[in-house]
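Asker: The structure is given below, and queries will be raised subsequently.
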Number of protein chains: 2
Amino acid sequence: MLQPKRQLSDTERKRRDQVWDIMSAALAAVDPAQAIKQNVRLEGDSLQIGQRSYDLSGYERIFVAGGGKAGSPMIAAIEETLGQRITAGLVNVKHGYLPPEAADVQRVEIVEAGHPTPDEAGRRGAERMVEMLDQAPGGLTEKDLVICLISGGGSALMTLPQPTISLADVQALTGTLLRCGATINEINAVRKHISRIKGGQLARLIHPAQVVSLILSDVVGNPLDVIASGPTVPDTTTFAQAYGLLEKYHLLDKVPASIIEHLAAGVAGKIAETPKEGDPVFATVYNLIVGSNEIAARAALNRARESGFNTQLLSTYVEGEAREVAKVLAAVAKEMAQSGQPIPRPACLVVGGETTVTITGEGKGGRNQEIALAAALAIEGWEDVMVVTLATDGTDGPTDAAGGVATGETVAWARELGLDPEEYLANNDSYHFLKALGELIVTGPTNTNVNDLAFVFAF
Amino acid sequence: MLQPKRQLSDTERKRRDQVWDIMSAALAAVDPAQAIKQNVRLEGDSLQIGQRSYDLSGYERIFVAGGGKAGSPMIAAIEETLGQRITAGLVNVKHGYLPPEAADVQRVEIVEAGHPTPDEAGRRGAERMVEMLDQAPGGLTEKDLVICLISGGGSALMTLPQPTISLADVQALTGTLLRCGATINEINAVRKHISRIKGGQLARLIHPAQVVSLILSDVVGNPLDVIASGPTVPDTTTFAQAYGLLEKYHLLDKVPASIIEHLAAGVAGKIAETPKEGDPVFATVYNLIVGSNEIAARAALNRARESGFNTQLLSTYVEGEAREVAKVLAAVAKEMAQSGQPIPRPACLVVGGETTVTITGEGKGGRNQEIALAAALAIEGWEDVMVVTLATDGTDGPTDAAGGVATGETVAWARELGLDPEEYLANNDSYHFLKALGELIVTGPTNTNVNDLAFVFAF
């Protein structure tokens, strides 16, 4: 419930309730268990997954594998659907990410692993997952079905380096790459080429069994090869690129020798490349996004429409500096209020993505809260407009809030209380600003993550 | 014409031509002469201005006054319409802003004045304009009509301080206020209260004659009291606020004594306040925006629609850091390309406003060119999308370009030529980047200014 620390008129109260309802619909749609149940249905022997149908009478075994922070509820949901039909399973989740329903999971082993820094528990879990598949009695055949549960954090949680490379080497590499200024895509090219799982290699390992990957996307734009480093997705990078990047950033003498040697062997053709687009291993793979920013946004739009709003999705690709993105959202709010464009009142425009904050102050906050504070400044004095922000994982930056609410009255109200909004913004202290007004959005942990949503209202 | 320095396919050629055509329609709609002609029509004795009608047989005299950078073509257009019916007129324009048609102007005196720093020529012109009105034989009456031509730059060009304050004092004040960190609204509160024209005072001077102000807006959101400091618009600020600001910024001993004394006298009630909302002087005033960002945007949207595009106006209020706003525009381009939202292909989304650039590099560019460069990076590799930017005055930053073009191919093409887009962006060198590719938009000076437009296409 949204409960600012001031008296609300009935109209304002109703608006807050509508906003909360719309946000709740968005979160419900990407709840990991719901995301599985919406996309996986069993009727008799017919397993309906997304647009495809699998006749289970044609399969001898069903395995469950994968990793990610949303793993536990995804496992619970898949077990609820398939129950004893599951032969065996192993999924890596983050330490402590064991909701109550995990206790009921019987067929799939849940391994707690390190995130964001990979640890030995995760490596060992990933290794046992590979063994479960690789050493399945008689080997995997076309008569086997492997369901992979993939969600954010899967890349770290399923860290399984090539046998000649230690976990410590991987950790050293990651630190070096992060410091050298390489882009995340460049870092991933190297990571994929020292892993036994990433970059489509899990799919190759499973082939010729059927693979169904159920993916909860935590990456803006849902690039399948990036989410959890794309274990069942064609890789777009090569050994040559990975080695070239270490050269480009002058890291050949800074990265562990085991890694350099492995990459060099790959470049020399002594080790198989990661599988690429068109590789036959992908003929038996079905990658299905079951939860994403767009799915959350659509659910919000549907609920808003049911509540009588005119609705529009502006984009699910929004990135950029939070306080500047806020100005654009504010600009749209003003136009809707002023001219009824791009959509007439009552209007609810939904924007998805994930912004960043360049921290220069010493306050507390997160990208979503900073958007709310900056938007409040930009819509100061405008009537009947609101900007609401939401981190779908319920945790915006290092805070217990998911986002915040800004209206045309926010700034005047803050000043009455003696708060200087510009000062809070300059100090990156959106959390304390919004908290003082009771305008934080607090959902608690949601067990999901499909990036952020922002809602622009003109009532 | 858009003529990048590479071979275009027929499809690409056609798209460039459409884009140029759409931009041209936007500029034509806010051409100062066109803006006047669209809104001022004479049929017999009936003068139609916007939604109002003035029966000229009921008026004895018509005066023309005002100031702004677009003054000359506005004067020429009004003379073309009213000709010998104009009794007298005087309008201040910027030094050198005398297009060929100004030579044909006969009834209205054109005074060249200083901008952005006010000069004695402008002060003297404004003084003579006031005298023309104030000392009209028999005084102005209800039987007189005064047409004011207001456009960007009018505030500096019509600088006429109160008699006890010198032009040098005003210049000293402006410099001090700009350095102290005061907002533009704060600066304007002070300026209005030492002027004889600003903040509705021209309207009071003209009362009880009829006033029609034809306004070309160069301020985002068209706040009438801000454009040219609102000479015929109710003021929202007071002597007390103006004086308070000097106190707030500790400027009472830094600002010329003549100004402090004048403001103090105002606070003490010894000088009349600027006229406020509800003041009877505004009963005879009609302020009409004849050119604005929205009018330009609408013209662009209409032309795009005629060309077969699905269209939408996102906002005319966009402000913020250019390279961050670019990311949001890119995000919308991606969504349109990917999901057909907010509008399906072929899509033309129009965005208006004026961004800023925080300069950290030593290159050459402008806010619109920087948007194009940053957008190119954000849409790299995307097919059939384009972001185009345009400063409607034809001059983006200190360059001879008005904006630039970015497509999904721009970055790859630049890299082929050995240009590093990130480096150019880091150096604020968008001009040289776009110039090397032939992707600058060059319109030449347009004699108008209604801020900037950006166009987001998904073909």
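By convention here, the chains of the structure tokens are called A, B, ... in the order presented, each chain's residues are numbered starting at 1, and ligands are numbered starting at 1 in the order presented.
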Please extract the residues of stretch 4-195 of chain B with a backbone DSSP assignment of helix (DSSP H, G or I) and present them as a ChimeraX atom specification.

Answerer: /B:10-29,32-39,56-58,71-85,100-104,120-134,154-157,167-180,184-192

Asker: Using only C-alpha atoms, which chain A residues lie at most 10 Å away from chain B, written as a PyMOL selection string?

Answerer: chain A and resi 221+294+311-336+338-343+349+351-353+378

Asker: Would you write out those residues with C-alpha atoms, as a PDB file, in the first residue's frame?

Answerer:
ATOM      1  CA  GLY A 221      16.341  -6.237 -24.187  1.00  0.00           C
ATOM      2  CA  GLU A 294       8.092  -6.716 -21.262  1.00  0.00           C
ATOM      3  CA  THR A 311      -2.218   3.023 -21.780  1.00  0.00           C
ATOM      4  CA  GLN A 312       0.971   2.834 -23.737  1.00  0.00           C
ATOM      5  CA  LEU A 313       4.289   1.022 -23.560  1.00  0.00           C
ATOM      6  CA  LEU A 314       7.014   3.500 -24.393  1.00  0.00           C
ATOM      7  CA  SER A 315       9.970   1.133 -24.290  1.00  0.00           C
ATOM      8  CA  THR A 316      11.476  -1.760 -22.395  1.00  0.00           C
ATOM      9  CA  TYR A 317      14.994  -0.751 -23.458  1.00  0.00           C
ATOM     10  CA  VAL A 318      15.535   2.382 -21.390  1.00  0.00           C
ATOM     11  CA  GLU A 319      19.037   2.868 -20.038  1.00  0.00           C
ATOM     12  CA  GLY A 320      20.987   5.965 -19.060  1.00  0.00           C
ATOM     13  CA  GLU A 321      21.680   8.194 -16.090  1.00  0.00           C
ATOM     14  CA  ALA A 322      18.695   7.972 -13.735  1.00  0.00           C
ATOM     15  CA  ARG A 323      18.225  11.703 -13.093  1.00  0.00           C
ATOM     16  CA  GLU A 324      18.345  12.506 -16.810  1.00  0.00           C
ATOM     17  CA  VAL A 325      15.954   9.738 -17.761  1.00  0.00           C
ATOM     18  CA  ALA A 326      13.689  11.183 -15.065  1.00  0.00           C
ATOM     19  CA  LYS A 327      13.537  14.459 -16.980  1.00  0.00           C
ATOM     20  CA  VAL A 328      12.306  12.714 -20.088  1.00  0.00           C
ATOM     21  CA  LEU A 329       9.633  10.881 -18.098  1.00  0.00           C
ATOM     22  CA  ALA A 330       8.614  14.207 -16.584  1.00  0.00           C
ATOM     23  CA  ALA A 331       8.470  15.744 -20.058  1.00  0.00           C
ATOM     24  CA  VAL A 332       6.057  13.047 -21.165  1.00  0.00           C
ATOM     25  CA  ALA A 333       3.935  13.562 -18.045  1.00  0.00           C
ATOM     26  CA  LYS A 334       3.686  17.268 -18.861  1.00  0.00           C
ATOM     27  CA  GLU A 335       2.727  16.662 -22.464  1.00  0.00           C
ATOM     28  CA  MET A 336       0.029  14.191 -21.450  1.00  0.00           C
ATOM     29  CA  GLN A 338      -1.096  19.599 -21.348  1.00  0.00           C
ATOM     30  CA  SER A 339      -2.151  18.215 -24.715  1.00  0.00           C
ATOM     31  CA  GLY A 340      -3.260  14.638 -24.177  1.00  0.00           C
ATOM     32  CA  GLN A 341      -0.314  13.337 -26.178  1.00  0.00           C
ATOM     33  CA  PRO A 342       1.043  10.733 -26.618  1.00  0.00           C
ATOM     34  CA  ILE A 343      -2.083   9.393 -24.863  1.00  0.00           C
ATOM     35  CA  LEU A 349       2.496   5.168 -19.773  1.00  0.00           C
ATOM     36  CA  VAL A 351       8.593   2.427 -19.337  1.00  0.00           C
ATOM     37  CA  GLY A 352      10.981  -0.448 -18.718  1.00  0.00           C
ATOM     38  CA  GLY A 353      14.703  -0.937 -18.566  1.00  0.00           C
ATOM     39  CA  ALA A 378      10.891  18.350 -13.009  1.00  0.00           C
TER      40      ALA A 378
END

Asker: At a cut-off of 9 Å, using only C-alpha atoms, what residues contact A:Gly366? Leave out same-chain residues fewer than 6 positions from it and give the result as number ranges by chain.

Answerer: A: 356-357, 395-399, 401-403, 428-431

Asker: Keeping only N, CA, C and O atoms, write those residues as an mmCIF file, in the first residue's frame.

Answerer:
data_model
loop_
_atom_site.group_PDB
_atom_site.id
_atom_site.type_symbol
_atom_site.label_atom_id
_atom_site.label_comp_id
_atom_site.auth_asym_id
_atom_site.auth_seq_id
_atom_site.Cartn_x
_atom_site.Cartn_y
_atom_site.Cartn_z
ATOM 1 N N THR A 356 21.204 3.862 -14.586
ATOM 2 C CA THR A 356 22.374 3.814 -13.713
ATOM 3 C C THR A 356 22.481 5.134 -12.968
ATOM 4 O O THR A 356 21.905 6.151 -13.382
ATOM 5 N N VAL A 357 23.193 5.106 -11.860
ATOM 6 C CA VAL A 357 23.443 6.334 -11.107
ATOM 7 C C VAL A 357 24.949 6.527 -11.006
ATOM 8 O O VAL A 357 25.663 5.622 -10.581
ATOM 9 N N THR A 395 14.427 -4.514 -4.500
ATOM 10 C CA THR A 395 15.600 -3.944 -3.838
ATOM 11 C C THR A 395 16.293 -2.971 -4.779
ATOM 12 O O THR A 395 16.996 -3.368 -5.692
ATOM 13 N N ASP A 396 16.074 -1.696 -4.548
ATOM 14 C CA ASP A 396 16.644 -0.654 -5.400
ATOM 15 C C ASP A 396 17.913 -0.126 -4.759
ATOM 16 O O ASP A 396 17.850 0.556 -3.727
ATOM 17 N N GLY A 397 19.054 -0.445 -5.358
ATOM 18 C CA GLY A 397 20.311 -0.040 -4.746
ATOM 19 C C GLY A 397 20.451 -0.705 -3.388
ATOM 20 O O GLY A 397 19.784 -1.703 -3.093
ATOM 21 N N PRO A 398 21.311 -0.167 -2.520
ATOM 22 C CA PRO A 398 21.533 -0.801 -1.211
ATOM 23 C C PRO A 398 20.481 -0.338 -0.214
ATOM 24 O O PRO A 398 20.795 0.175 0.854
ATOM 25 N N THR A 399 19.200 -0.510 -0.565
ATOM 26 C CA THR A 399 18.122 -0.051 0.319
ATOM 27 C C THR A 399 17.055 -1.127 0.453
ATOM 28 O O THR A 399 17.031 -2.092 -0.305
ATOM 29 N N ALA A 401 13.971 -0.386 -0.099
ATOM 30 C CA ALA A 401 12.871 0.120 -0.918
ATOM 31 C C ALA A 401 13.042 -0.336 -2.361
ATOM 32 O O ALA A 401 14.151 -0.673 -2.797
ATOM 33 N N ALA A 402 11.940 -0.342 -3.103
ATOM 34 C CA ALA A 402 11.979 -0.747 -4.505
ATOM 35 C C ALA A 402 11.915 0.449 -5.444
ATOM 36 O O ALA A 402 12.247 0.333 -6.620
ATOM 37 N N GLY A 403 11.486 1.596 -4.912
ATOM 38 C CA GLY A 403 11.353 2.758 -5.778
ATOM 39 C C GLY A 403 10.669 3.878 -5.022
ATOM 40 O O GLY A 403 10.708 3.897 -3.781
ATOM 41 N N ASN A 428 22.892 12.345 -3.806
ATOM 42 C CA ASN A 428 22.413 10.975 -4.102
ATOM 43 C C ASN A 428 21.683 10.382 -2.909
ATOM 44 O O ASN A 428 21.841 9.203 -2.588
ATOM 45 N N ASP A 429 20.865 11.210 -2.266
ATOM 46 C CA ASP A 429 20.212 10.768 -1.030
ATOM 47 C C ASP A 429 18.704 10.634 -1.219
ATOM 48 O O ASP A 429 17.904 11.044 -0.370
ATOM 49 N N SER A 430 18.317 10.026 -2.328
ATOM 50 C CA SER A 430 16.896 9.903 -2.639
ATOM 51 C C SER A 430 16.151 9.089 -1.580
ATOM 52 O O SER A 430 14.988 9.356 -1.295
ATOM 53 N N TYR A 431 16.813 8.119 -0.988
ATOM 54 C CA TYR A 431 16.147 7.256 -0.006
ATOM 55 C C TYR A 431 15.626 8.071 1.181
ATOM 56 O O TYR A 431 14.451 7.981 1.542
#

Asker: Tell me which protein, DNA and RNA residues are within 6 Å of B:Asn451, counting only C-alpha atoms, leaving out same-chain ones fewer than 4 positions away, and put them as a PyMOL selection string.

Answerer: chain B and resi 218+353-354+392

Asker: Restricting the output to all heavy atoms, write the selected residues as a PDB file, in the first residue's frame.

Answerer:
ATOM      1  N   ASP B 218      10.455  30.705 -27.984  1.00  0.00           N
ATOM      2  CA  ASP B 218      11.745  30.000 -27.966  1.00  0.00           C
ATOM      3  C   ASP B 218      12.023  29.393 -26.595  1.00  0.00           C
ATOM      4  O   ASP B 218      13.171  29.071 -26.287  1.00  0.00           O
ATOM      5  CB  ASP B 218      12.877  30.952 -28.355  1.00  0.00           C
ATOM      6  CG  ASP B 218      13.154  31.981 -27.271  1.00  0.00           C
ATOM      7  OD1 ASP B 218      12.211  32.331 -26.538  1.00  0.00           O
ATOM      8  OD2 ASP B 218      14.310  32.418 -27.141  1.00  0.00           O
ATOM      9  N   GLY B 353      11.872  19.943 -27.535  1.00  0.00           N
ATOM     10  CA  GLY B 353      12.399  20.508 -26.300  1.00  0.00           C
ATOM     11  C   GLY B 353      13.769  21.102 -26.538  1.00  0.00           C
ATOM     12  O   GLY B 353      14.079  21.532 -27.654  1.00  0.00           O
ATOM     13  N   GLU B 354      14.564  21.121 -25.493  1.00  0.00           N
ATOM     14  CA  GLU B 354      15.939  21.592 -25.676  1.00  0.00           C
ATOM     15  C   GLU B 354      16.808  20.979 -24.601  1.00  0.00           C
ATOM     16  O   GLU B 354      16.585  21.187 -23.407  1.00  0.00           O
ATOM     17  CB  GLU B 354      16.015  23.120 -25.644  1.00  0.00           C
ATOM     18  CG  GLU B 354      17.398  23.631 -26.032  1.00  0.00           C
ATOM     19  CD  GLU B 354      17.427  25.123 -26.340  1.00  0.00           C
ATOM     20  OE1 GLU B 354      16.561  25.605 -27.091  1.00  0.00           O
ATOM     21  OE2 GLU B 354      18.327  25.799 -25.821  1.00  0.00           O
ATOM     22  N   THR B 392      15.950  24.177 -34.540  1.00  0.00           N
ATOM     23  CA  THR B 392      15.090  24.857 -35.514  1.00  0.00           C
ATOM     24  C   THR B 392      15.649  26.195 -35.971  1.00  0.00           C
ATOM     25  O   THR B 392      15.194  26.725 -36.977  1.00  0.00           O
ATOM     26  CB  THR B 392      13.668  25.068 -34.952  1.00  0.00           C
ATOM     27  OG1 THR B 392      13.761  25.815 -33.739  1.00  0.00           O
ATOM     28  CG2 THR B 392      12.975  23.747 -34.696  1.00  0.00           C
TER      29      THR B 392
END

Asker: Which residues come within 12 Å of stretch 180-186 of chain A, counting only C-alpha atoms, excluding same-chain residues fewer than 6 positions away, as a PyMOL selection string?

Answerer: chain A and resi 173-174+192-193+219+223+225-227+229+235-251+254-255

Asker: Ranking B:Ile441, B:Ala102, B:Ala436, B:Ala414 by minimum distance to B:Asp400 and counting only C-alpha atoms, which one comes first?

Answerer: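 Of B:Ile441, B:Ala102, B:Ala436, B:Ala414, the one nearest B:Asp400, counting only C-alpha atoms, is B:Ile441.
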
Asker: To one decimal place in Å, what is the distance between atom CA of A:Asn222 and atom CA of A:Ala391?

Answerer: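 These atoms are spaced 16.6 Å apart.
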